[in-house]
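entry07.cif follows (mmCIF, C-alpha atoms and all ligand atoms):
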data_target
#
loop_
_atom_site.label_atom_id
_atom_site.label_comp_id
_atom_site.auth_asym_id
_atom_site.auth_seq_id
_atom_site.Cartn_x
_atom_site.Cartn_y
_atom_site.Cartn_z
CA MET A 1 -10.83 -25.19 27.82
CA THR A 2 -7.42 -25.98 26.37
CA PHE A 3 -6.11 -24.52 23.13
CA PHE A 4 -6.42 -27.94 21.47
CA GLY A 5 -9.87 -28.52 22.92
CA LYS A 6 -10.99 -25.21 21.47
CA LEU A 7 -9.45 -26.07 18.12
CA LYS A 8 -11.20 -29.44 17.99
CA LYS A 9 -14.51 -27.73 18.64
CA MET A 10 -13.91 -25.13 15.96
CA MET A 11 -13.23 -27.90 13.46
CA ASN A 12 -16.55 -29.49 14.43
CA PRO A 13 -19.38 -27.24 13.24
CA PHE A 14 -21.94 -29.01 15.42
CA SER A 15 -20.34 -27.79 18.62
CA SER A 16 -20.35 -24.08 17.85
CA THR A 17 -23.06 -23.10 20.36
CA GLN A 18 -21.15 -24.74 23.13
CA VAL A 19 -17.96 -22.94 22.11
CA ALA A 20 -19.73 -19.60 22.24
CA LYS A 21 -20.95 -20.20 25.79
CA GLU A 22 -17.62 -21.33 27.10
CA GLU A 23 -15.78 -18.54 25.34
CA ASP A 24 -17.97 -15.95 27.00
CA THR A 25 -16.95 -17.00 30.46
CA GLU A 26 -13.38 -18.01 29.81
CA LYS A 27 -10.49 -16.42 31.69
CA VAL A 28 -7.19 -17.76 30.45
CA GLU A 29 -3.62 -16.78 31.18
CA PRO A 30 -1.32 -16.50 28.16
CA GLY A 31 -0.25 -19.92 27.00
CA GLU A 32 -2.20 -21.66 29.76
CA GLY A 33 -3.85 -24.92 28.80
CA VAL A 34 -1.73 -25.48 25.72
CA ARG A 35 -0.42 -29.05 25.57
CA GLY A 36 3.29 -28.49 25.94
CA ARG A 37 4.61 -25.11 24.88
CA PRO A 38 2.76 -23.42 22.04
CA LYS A 39 4.59 -23.40 18.73
CA ILE A 40 4.48 -20.09 16.95
CA HIS A 41 5.75 -19.55 13.44
CA VAL A 42 6.86 -16.02 12.57
CA LEU A 43 6.54 -14.83 8.97
CA ALA A 44 8.54 -11.65 8.57
CA THR A 45 7.79 -9.27 5.73
CA GLY A 46 9.64 -6.08 6.75
CA GLY A 47 8.19 -2.70 7.67
CA THR A 48 9.17 -0.30 10.43
CA ILE A 49 9.07 -3.11 12.97
CA ALA A 50 12.15 -4.40 11.12
CA GLY A 51 13.40 -0.89 10.33
CA ARG A 52 16.40 0.99 11.55
CA LEU A 53 17.38 4.66 11.95
CA VAL A 54 19.91 5.76 9.36
CA SER A 55 22.20 8.77 9.45
CA THR A 56 21.99 9.90 5.84
CA GLY A 57 19.07 10.49 3.50
CA PRO A 58 15.61 9.60 4.84
CA ARG A 59 15.37 9.24 8.65
CA TYR A 60 15.01 5.49 8.67
CA ARG A 61 14.75 2.51 6.40
CA ALA A 62 11.93 -0.04 6.75
CA GLY A 63 12.55 -3.76 6.30
CA VAL A 64 16.20 -4.08 7.31
CA LEU A 65 16.33 -6.54 10.23
CA GLY A 66 15.68 -10.25 9.85
CA PHE A 67 13.15 -12.20 11.92
CA GLU A 68 15.84 -13.70 14.20
CA ALA A 69 16.93 -10.19 15.18
CA LEU A 70 13.33 -9.26 15.97
CA LEU A 71 12.89 -12.30 18.22
CA ASP A 72 16.28 -11.86 19.90
CA ALA A 73 15.43 -8.26 20.76
CA VAL A 74 12.58 -9.37 23.05
CA PRO A 75 13.85 -11.92 25.60
CA ALA A 76 10.39 -12.15 27.23
CA LEU A 77 9.13 -13.89 24.07
CA ARG A 78 11.00 -17.03 25.11
CA GLY A 79 8.70 -17.44 28.09
CA LEU A 80 5.61 -17.66 25.91
CA ALA A 81 6.29 -20.16 23.14
CA ASP A 82 8.75 -22.05 20.98
CA TYR A 83 9.44 -20.37 17.66
CA SER A 84 10.22 -21.11 14.09
CA GLY A 85 10.20 -18.50 11.39
CA GLU A 86 11.15 -17.32 7.97
CA GLN A 87 11.72 -14.16 6.00
CA VAL A 88 9.00 -13.98 3.35
CA ALA A 89 10.14 -10.53 2.23
CA ASN A 90 11.90 -7.53 3.74
CA ILE A 91 10.13 -4.51 2.29
CA GLY A 92 8.32 -1.35 3.24
CA SER A 93 4.68 -2.36 2.97
CA GLN A 94 4.10 0.44 0.44
CA ASP A 95 5.64 -2.15 -1.92
CA MET A 96 3.32 -4.98 -0.86
CA ASP A 97 1.57 -6.56 -3.83
CA GLU A 98 -0.78 -9.33 -4.83
CA SER A 99 1.89 -11.89 -5.64
CA LEU A 100 3.21 -11.49 -2.11
CA TRP A 101 -0.33 -11.77 -0.71
CA LEU A 102 -0.79 -15.05 -2.55
CA LYS A 103 2.60 -16.33 -1.40
CA LEU A 104 1.75 -15.42 2.20
CA ALA A 105 -1.72 -16.97 2.06
CA HIS A 106 -0.38 -20.22 0.56
CA ARG A 107 2.29 -20.38 3.24
CA VAL A 108 -0.09 -19.59 6.12
CA ASN A 109 -2.53 -22.29 4.97
CA GLU A 110 0.33 -24.77 4.69
CA LEU A 111 1.79 -23.89 8.10
CA LEU A 112 -1.51 -24.01 9.96
CA ALA A 113 -2.28 -27.44 8.50
CA SER A 114 0.77 -28.77 10.34
CA PRO A 115 0.44 -30.10 13.90
CA ASP A 116 3.79 -28.45 14.56
CA VAL A 117 2.32 -24.95 14.31
CA ASP A 118 -0.23 -23.58 16.78
CA GLY A 119 -0.36 -20.06 15.42
CA VAL A 120 1.29 -17.66 13.00
CA VAL A 121 2.53 -14.14 13.73
CA ILE A 122 3.23 -11.93 10.72
CA THR A 123 5.45 -8.89 11.11
CA HIS A 124 4.45 -6.25 8.56
CA GLY A 125 4.76 -2.58 7.67
CA THR A 126 1.81 -0.53 8.83
CA ASP A 127 1.05 1.28 5.55
CA THR A 128 -0.83 -1.61 3.92
CA LEU A 129 -1.10 -3.94 6.91
CA GLU A 130 -4.89 -3.70 6.91
CA GLU A 131 -5.09 -4.90 3.31
CA THR A 132 -2.89 -7.93 3.90
CA ALA A 133 -4.91 -8.74 7.03
CA CYS A 134 -8.13 -8.51 5.01
CA PHE A 135 -6.73 -10.68 2.21
CA LEU A 136 -5.65 -13.39 4.65
CA ASP A 137 -8.93 -13.16 6.53
CA LEU A 138 -10.68 -14.04 3.27
CA THR A 139 -8.31 -16.80 2.19
CA VAL A 140 -7.21 -18.68 5.32
CA ARG A 141 -9.62 -21.37 6.44
CA ASN A 142 -7.88 -22.82 9.48
CA PRO A 143 -9.16 -21.46 12.83
CA LYS A 144 -5.71 -21.36 14.46
CA PRO A 145 -4.68 -17.79 15.31
CA VAL A 146 -3.05 -15.59 12.69
CA VAL A 147 -1.88 -12.24 14.09
CA LEU A 148 -0.39 -9.32 12.15
CA VAL A 149 1.77 -6.79 13.90
CA GLY A 150 3.84 -3.74 13.01
CA ALA A 151 5.42 -0.69 14.59
CA ILE A 152 5.36 3.06 14.13
CA ARG A 153 8.87 3.77 15.49
CA PRO A 154 11.88 1.90 14.15
CA VAL A 155 14.55 0.13 16.17
CA GLY A 156 16.88 2.74 17.66
CA ALA A 157 14.19 5.43 17.99
CA LEU A 158 13.22 6.58 21.49
CA GLY A 159 10.12 4.69 22.53
CA ALA A 160 10.37 2.14 19.72
CA ASP A 161 7.12 0.17 19.88
CA GLY A 162 8.10 -2.92 17.87
CA PRO A 163 9.28 -5.07 20.80
CA VAL A 164 6.17 -4.62 22.95
CA ASN A 165 3.89 -4.99 19.94
CA LEU A 166 5.59 -8.27 19.01
CA LEU A 167 5.28 -9.54 22.57
CA ASP A 168 1.58 -8.59 22.53
CA ALA A 169 1.07 -10.32 19.17
CA VAL A 170 2.51 -13.58 20.49
CA THR A 171 0.46 -13.19 23.68
CA VAL A 172 -2.63 -13.11 21.48
CA ALA A 173 -1.47 -15.97 19.23
CA VAL A 174 -0.94 -18.37 22.16
CA ASN A 175 -4.23 -17.55 23.87
CA PRO A 176 -6.98 -20.17 23.35
CA SER A 177 -9.57 -17.40 23.11
CA SER A 178 -7.95 -16.28 19.86
CA VAL A 179 -8.92 -19.48 18.02
CA GLY A 180 -11.59 -19.06 15.36
CA ARG A 181 -11.70 -15.25 15.40
CA GLY A 182 -10.38 -14.71 11.90
CA VAL A 183 -7.18 -12.83 11.21
CA LEU A 184 -6.25 -10.43 14.02
CA VAL A 185 -4.14 -7.28 14.21
CA VAL A 186 -2.24 -6.11 17.29
CA MET A 187 -0.95 -2.54 17.62
CA HIS A 188 -0.25 -0.29 20.60
CA GLY A 189 -2.05 -2.40 23.19
CA SER A 190 -5.16 -2.91 21.09
CA LEU A 191 -6.44 -5.99 19.32
CA PHE A 192 -8.50 -5.65 16.15
CA GLU A 193 -10.38 -7.80 13.66
CA ALA A 194 -9.06 -7.71 10.09
CA ARG A 195 -12.34 -6.57 8.59
CA ASP A 196 -12.65 -3.29 10.48
CA VAL A 197 -9.13 -2.24 11.36
CA THR A 198 -7.60 0.68 9.50
CA LYS A 199 -4.58 2.94 9.84
CA VAL A 200 -5.84 6.28 11.11
CA SER A 201 -2.61 8.13 11.86
CA SER A 202 0.57 8.24 9.84
CA SER A 203 2.68 9.23 12.86
CA ALA A 204 0.99 8.74 16.25
CA LEU A 205 1.60 5.53 18.21
CA PRO A 206 -2.10 4.72 18.42
CA ALA A 207 -2.06 4.54 14.62
CA PHE A 208 -4.82 1.97 14.19
CA ALA A 209 -8.51 1.95 14.96
CA ALA A 210 -11.65 0.09 14.02
CA PRO A 211 -13.91 3.10 13.41
CA ASN A 212 -17.15 1.15 13.16
CA SER A 213 -16.75 -1.66 15.66
CA GLY A 214 -13.98 -0.58 18.04
CA PRO A 215 -11.17 -2.89 19.16
CA LEU A 216 -11.87 -6.54 19.88
CA GLY A 217 -9.68 -6.48 22.97
CA GLN A 218 -6.82 -4.89 24.81
CA LEU A 219 -3.37 -5.95 25.90
CA ILE A 220 -2.40 -4.91 29.38
CA ASP A 221 0.74 -6.04 31.20
CA GLY A 222 1.23 -9.06 28.99
CA ARG A 223 -2.36 -10.30 29.12
CA VAL A 224 -5.07 -10.09 26.52
CA TYR A 225 -8.56 -9.03 27.54
CA TYR A 226 -11.26 -9.73 24.99
CA GLY A 227 -13.86 -6.99 25.17
CA HIS A 228 -16.61 -8.42 23.00
CA ARG A 229 -17.36 -11.56 21.08
CA THR A 230 -16.25 -11.69 17.52
CA GLY A 231 -18.77 -10.68 14.88
CA LEU A 232 -17.49 -13.26 12.40
CA SER A 233 -20.40 -14.12 10.19
CA PRO A 234 -21.03 -17.83 9.66
CA LYS A 235 -21.67 -16.88 6.01
CA ARG A 236 -18.30 -15.09 5.75
CA PRO A 237 -16.87 -15.81 2.30
CA VAL A 238 -13.63 -17.78 2.30
CA PHE A 239 -11.79 -18.07 -1.00
CA ASP A 240 -9.77 -21.04 -2.12
CA ILE A 241 -6.55 -19.62 -3.51
CA SER A 242 -4.74 -22.94 -3.89
CA ASN A 243 -4.80 -22.72 -7.70
CA LEU A 244 -4.39 -18.97 -8.04
CA ASP A 245 -1.18 -17.30 -9.05
CA LYS A 246 -2.63 -13.89 -9.86
CA LEU A 247 -5.71 -11.80 -9.15
CA PRO A 248 -8.01 -9.87 -11.49
CA GLN A 249 -7.18 -6.21 -12.11
CA VAL A 250 -9.21 -3.95 -9.82
CA ASP A 251 -8.38 -0.30 -9.15
CA ILE A 252 -9.65 2.54 -7.00
CA VAL A 253 -10.84 5.98 -8.13
CA TYR A 254 -10.95 8.79 -5.57
CA GLY A 255 -13.91 11.17 -5.20
CA TYR A 256 -13.65 14.95 -4.67
CA ALA A 257 -15.52 18.12 -5.63
CA GLY A 258 -15.42 18.52 -9.40
CA ALA A 259 -13.95 15.01 -9.85
CA SER A 260 -12.52 14.12 -13.25
CA THR A 261 -13.78 11.21 -15.33
CA LEU A 262 -10.31 10.57 -16.76
CA PRO A 263 -9.28 7.84 -14.28
CA VAL A 264 -12.46 5.82 -14.90
CA LYS A 265 -12.12 6.09 -18.67
CA ALA A 266 -8.44 5.14 -18.56
CA LEU A 267 -9.15 2.09 -16.38
CA VAL A 268 -11.96 0.87 -18.61
CA ASP A 269 -9.79 1.31 -21.70
CA ALA A 270 -7.00 -0.61 -19.98
CA GLY A 271 -9.32 -3.60 -19.50
CA CYS A 272 -9.74 -3.30 -15.74
CA ARG A 273 -12.26 -5.91 -14.48
CA GLY A 274 -13.44 -4.00 -11.44
CA ILE A 275 -13.44 -0.44 -10.14
CA VAL A 276 -13.88 0.64 -6.54
CA SER A 277 -15.05 4.18 -6.10
CA ALA A 278 -13.78 5.93 -2.95
CA GLY A 279 -16.71 8.28 -3.13
CA VAL A 280 -17.80 11.18 -0.94
CA GLY A 281 -20.27 10.81 1.95
CA ASN A 282 -22.28 7.66 1.56
CA GLY A 283 -20.20 6.65 -1.47
CA ASN A 284 -21.73 9.43 -3.54
CA LEU A 285 -20.34 10.37 -6.93
CA HIS A 286 -20.05 13.52 -8.98
CA ARG A 287 -22.66 13.25 -11.77
CA ASP A 288 -20.00 12.97 -14.51
CA VAL A 289 -18.16 10.21 -12.66
CA LEU A 290 -21.49 8.50 -12.01
CA ALA A 291 -22.17 8.52 -15.76
CA ALA A 292 -18.68 7.18 -16.51
CA LEU A 293 -19.08 4.39 -13.96
CA ALA A 294 -22.58 3.55 -15.20
CA ASN A 295 -21.09 3.23 -18.66
CA ALA A 296 -18.29 1.01 -17.27
CA SER A 297 -20.82 -1.17 -15.49
CA GLY A 298 -22.78 -1.48 -18.75
CA ARG A 299 -19.60 -2.75 -20.38
CA GLY A 300 -19.19 -5.51 -17.79
CA VAL A 301 -16.83 -3.81 -15.35
CA VAL A 302 -17.96 -4.50 -11.77
CA VAL A 303 -18.33 -1.20 -9.91
CA VAL A 304 -18.26 -1.10 -6.11
CA ARG A 305 -19.21 2.08 -4.30
CA ALA A 306 -17.18 2.69 -1.13
CA SER A 307 -16.45 5.95 0.65
CA ARG A 308 -13.45 8.13 1.45
CA ILE A 309 -15.07 8.77 4.88
CA PRO A 310 -13.30 6.75 7.60
CA SER A 311 -16.39 5.54 9.46
CA GLY A 312 -19.98 4.70 8.73
CA LEU A 313 -21.44 2.40 6.08
CA THR A 314 -21.86 2.77 2.34
CA LEU A 315 -25.40 1.53 1.85
CA ARG A 316 -27.34 0.57 -1.28
CA ASN A 317 -29.77 2.88 -3.07
CA VAL A 318 -29.50 5.84 -0.68
CA GLU A 319 -28.63 8.70 -3.04
CA VAL A 320 -27.37 6.54 -5.89
CA ASP A 321 -29.68 4.16 -7.74
CA ASP A 322 -27.51 1.06 -7.45
CA ASN A 323 -30.22 -1.20 -8.85
CA ARG A 324 -30.46 0.87 -12.01
CA PHE A 325 -26.71 1.12 -12.65
CA GLY A 326 -25.77 -2.39 -11.50
CA PHE A 327 -23.49 -1.07 -8.74
CA VAL A 328 -22.45 -2.84 -5.57
CA ALA A 329 -22.35 -1.07 -2.17
CA ALA A 330 -19.29 -1.73 0.01
CA GLY A 331 -21.06 -1.59 3.39
CA ALA A 332 -18.45 -1.31 6.17
CA LEU A 333 -15.41 -1.96 3.97
CA ASN A 334 -13.13 0.96 3.18
CA PRO A 335 -12.05 1.35 -0.46
CA GLN A 336 -8.76 -0.52 -0.11
CA LYS A 337 -10.45 -3.51 1.53
CA ALA A 338 -13.37 -3.39 -0.89
CA ARG A 339 -10.74 -3.78 -3.59
CA VAL A 340 -9.28 -6.87 -1.88
CA LEU A 341 -12.70 -8.50 -1.59
CA LEU A 342 -13.68 -7.57 -5.16
CA GLN A 343 -10.48 -9.09 -6.54
CA LEU A 344 -11.25 -12.34 -4.75
CA VAL A 345 -14.94 -12.40 -5.68
CA LEU A 346 -14.07 -11.81 -9.34
CA THR A 347 -12.16 -15.08 -9.35
CA ARG A 348 -15.50 -16.86 -9.14
CA ALA A 349 -18.37 -14.47 -9.94
CA ARG A 350 -19.06 -11.25 -11.78
CA LYS A 351 -22.80 -10.60 -11.59
CA PRO A 352 -23.41 -7.53 -9.37
CA GLU A 353 -25.96 -9.48 -7.26
CA GLU A 354 -23.40 -12.19 -6.53
CA VAL A 355 -20.72 -9.64 -5.72
CA GLN A 356 -23.14 -7.74 -3.47
CA LYS A 357 -23.89 -10.98 -1.60
CA ALA A 358 -20.19 -11.49 -0.83
CA PHE A 359 -19.97 -7.94 0.51
CA ASP A 360 -23.11 -8.40 2.60
CA ASN A 361 -21.82 -11.66 4.06
CA TYR A 362 -18.37 -10.39 5.10
N1 LIG A 401 6.40 2.50 5.32
C1 LIG A 401 6.41 1.59 6.44
C2 LIG A 401 5.75 0.30 5.98
O1 LIG A 401 4.58 0.25 5.82
C3 LIG A 401 5.70 2.19 7.59
C4 LIG A 401 5.52 1.30 8.79
O2 LIG A 401 5.84 0.14 8.80
O3 LIG A 401 4.98 1.81 9.79
O4 LIG A 401 6.44 -0.64 5.78
#

Kindly return the structure encoded in the file as structure tokens.
Amino acid sequence: MTFFGKLKKMMNPFSSTQVAKEEDTEKVEPGEGVRGRPKIHVLATGGTIAGRLVSTGPRYRAGVLGFEALLDAVPALRGLADYSGEQVANIGSQDMDESLWLKLAHRVNELLASPDVDGVVITHGTDTLEETACFLDLTVRNPKPVVLVGAIRPVGALGADGPVNLLDAVTVAVNPSSVGRGVLVVMHGSLFEARDVTKVSSSALPAFAAPNSGPLGQLIDGRVYYGHRTGLSPKRPVFDISNLDKLPQVDIVYGYAGASTLPVKALVDAGCRGIVSAGVGNGNLHRDVLAALANASGRGVVVVRASRIPSGLTLRNVEVDDNRFGFVAAGALNPQKARVLLQLVLTRARKPEEVQKAFDNY
């Protein structure tokens, strides 16, 4: 099935069963079946993929090169698509924030609505890439592919991975099998869904993993191989951000032996609307922190229990009585993604049951 055929079917909810069947058996070369050459729009935000080695001070600086330089550095990209692009920011993603998320989401929605764009590739620093991917996954409605990509080694370093990662990201974006899979992340030959991907190494090239679900596919010699069908839930919440210019204040408190209650108290006093606990084990809490969070919940702050453990689920009412304290359990979401979802849910609901439903449906 062609890229456009697939897109038409995704837009038509009554044809979803048929799509699933065809998708299961499909074998498609990159770009094959697209009417004319695919048109990919690159949104560049900075990061190591646009970073360069420097001779003084820190070893390298993230977010230095513009998007044209990134495209020019990989001649093989020209064989895959026609490109347009823009520099949305040029930062290390440690400086990513909500106003930039909203700007990106508005722009992605606008671009994908145009017949002149078949997919969007976003170059991004790896530090907070997973959070941006999660935010876009929850705010972009169009089924056209959106692929985030970064690099661990900057331009000029031996074995710089940016060029091949970018080529892989475009390979994914032009492939018809990428339509309707939600926001995707490509790093080091692996393809991930936004919901599960997380940075697991601050230095190794295979820096990303999806600890609960594994990668969605692999990139080998310029081809993408989808390993399993997407687990996108038909009930997946999608948030309309068209009228939003800021998000509610939600912060994260970290759990550890003998944890202090000071952060929770400070956040409540500061008027924080939601708190995500990065608890121990199954989102467990030191008894004093539990009491502080129960008090916060009683005062109308929405409390989500997540875990500092990289894999596994944070489930309701296991060792903590969520029903009694009005807490929400984060399920498979890590604390930083639970925060993203909570910020979005709080724009339209604040009852713990409603918030829990959004977490259960994602
Ligand atoms: N600090 C960089 C960033 O997130 C690291 C990277 O891109 O890998 O922008």

Name all residues at most 10 Å from Asp240 (chain A) (count only C-alpha atoms; drop same-chain ones fewer than 2 positions away) and give them as a short mmCIF file (atom, residue, chain, number, x, y, z; two decimals) with C-alpha atoms, keeping the file's coordinate frame.
data_model
loop_
_atom_site.label_atom_id
_atom_site.label_comp_id
_atom_site.auth_asym_id
_atom_site.auth_seq_id
_atom_site.Cartn_x
_atom_site.Cartn_y
_atom_site.Cartn_z
CA ALA A 105 -1.72 -16.97 2.06
CA HIS A 106 -0.38 -20.22 0.56
CA LEU A 138 -10.68 -14.04 3.27
CA THR A 139 -8.31 -16.80 2.19
CA VAL A 140 -7.21 -18.68 5.32
CA ARG A 141 -9.62 -21.37 6.44
CA PRO A 237 -16.87 -15.81 2.30
CA VAL A 238 -13.63 -17.78 2.30
CA SER A 242 -4.74 -22.94 -3.89
CA ASN A 243 -4.80 -22.72 -7.70
CA LEU A 244 -4.39 -18.97 -8.04
CA LEU A 344 -11.25 -12.34 -4.75
CA THR A 347 -12.16 -15.08 -9.35
CA ARG A 348 -15.50 -16.86 -9.14
#

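Excluding Glu68 (chain A) and any residue on its chain fewer than 2 positions from it, the residues at most 10 Å away by only C-alpha atoms are A:Val42, A:Ala44, A:Leu65, A:Gly66, A:Leu70, A:Leu71, A:Asp72, A:Ala73, A:Tyr83, A:Ser84, A:Gly85, A:Glu86, A:Gln87.
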
When you look at Ala259 (chain A) with a cut-off of 9 Å (counting all atoms listed in the file), what residues show up, excluding the ones that are within fewer than 6 positions of it in the same chain? I need them as a VMD selection string.
chain A and resid 285 to 286 288 to 289

How big is the axis-aligned box around the listed atoms of ligand LIG 401 (chain A) once 6 Å is added on each side, and where is its centre? Give both in Å to one decimal, as AutoDock Vina command-line options.
--center_x 5.5 --center_y 0.9 --center_z 7.6 --size_x 13.9 --size_y 15.1 --size_z 16.5

Skip Thr123 (chain A) itself and residues of its chain fewer than 5 positions away, then list as a PyMOL selection string all residues within 6 Å of it, counting all atoms listed in the file.
chain A and resi 44-45+148-150

Which protein, DNA or RNA residues have an atom within 6 Å of ligand LIG 401 (chain A), counting only C-alpha atoms and all ligand atoms, as a ChimeraX atom specification?
/A:47-48,62,92-94,125-127,151-152

Please provide the set of residues having any atom within 9 Å of Val276 (chain A), restricted to all atoms listed in the file, with same-chain residues fewer than 6 positions apart removed, written as a PyMOL selection string.
chain A and resi 250-254+302-306+330+335-336+338-339+342

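Interatomic distance, CA of Gly222 (chain A) to CA of Val121 (chain A): 16.1 Å.
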
Pick out the closest residue to Arg52 (chain A) from this set: A:Asn142, A:Ala157, A:Val320, A:Leu102. Count all atoms listed in the file.
A:Ala157

Is there a way to complete region 146-153 of chain A with all heavy atoms and then write that out as a compact mmCIF listing (two decimals), in the frame of the given file?
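Generated file (part08.txt):
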# COMPACT_ATOMS: atom_id res chain seq x y z
N VAL A 146 -3.99 -16.28 13.58
CA VAL A 146 -3.05 -15.59 12.69
C VAL A 146 -3.08 -14.12 13.12
O VAL A 146 -4.14 -13.49 13.12
CB VAL A 146 -3.49 -15.71 11.21
CG1 VAL A 146 -2.54 -14.89 10.32
CG2 VAL A 146 -3.52 -17.15 10.77
N VAL A 147 -1.93 -13.60 13.52
CA VAL A 147 -1.88 -12.24 14.09
C VAL A 147 -0.87 -11.40 13.32
O VAL A 147 0.29 -11.80 13.18
CB VAL A 147 -1.47 -12.30 15.58
CG1 VAL A 147 -1.54 -10.91 16.20
CG2 VAL A 147 -2.35 -13.28 16.36
N LEU A 148 -1.31 -10.25 12.82
CA LEU A 148 -0.39 -9.32 12.15
C LEU A 148 0.02 -8.22 13.11
O LEU A 148 -0.82 -7.75 13.90
CB LEU A 148 -1.05 -8.69 10.91
CG LEU A 148 -0.97 -9.54 9.64
CD1 LEU A 148 -2.12 -10.51 9.61
CD2 LEU A 148 -0.96 -8.68 8.41
N VAL A 149 1.27 -7.82 12.99
CA VAL A 149 1.77 -6.79 13.90
C VAL A 149 2.80 -5.92 13.19
O VAL A 149 3.52 -6.40 12.32
CB VAL A 149 2.37 -7.45 15.17
CG1 VAL A 149 3.56 -8.35 14.86
CG2 VAL A 149 2.74 -6.42 16.21
N GLY A 150 2.85 -4.65 13.58
CA GLY A 150 3.84 -3.74 13.01
C GLY A 150 4.33 -2.78 14.07
O GLY A 150 4.16 -3.02 15.27
N ALA A 151 4.93 -1.70 13.65
CA ALA A 151 5.42 -0.69 14.59
C ALA A 151 5.42 0.65 13.88
O ALA A 151 5.51 0.72 12.65
CB ALA A 151 6.83 -1.03 15.07
N ILE A 152 5.32 1.70 14.67
CA ILE A 152 5.36 3.06 14.13
C ILE A 152 6.77 3.65 14.24
O ILE A 152 7.20 4.41 13.39
CB ILE A 152 4.34 3.96 14.89
CG1 ILE A 152 2.92 3.48 14.59
CG2 ILE A 152 4.49 5.43 14.52
CD1 ILE A 152 2.50 3.57 13.13
N ARG A 153 7.50 3.25 15.31
CA ARG A 153 8.87 3.77 15.49
C ARG A 153 9.89 2.67 15.26
O ARG A 153 9.76 1.58 15.84
CB ARG A 153 9.02 4.34 16.89
CG ARG A 153 8.12 5.54 17.11
CD ARG A 153 8.35 6.16 18.45
NE ARG A 153 7.39 7.24 18.66
CZ ARG A 153 7.07 7.74 19.84
NH1 ARG A 153 7.63 7.26 20.94
NH2 ARG A 153 6.21 8.72 19.94
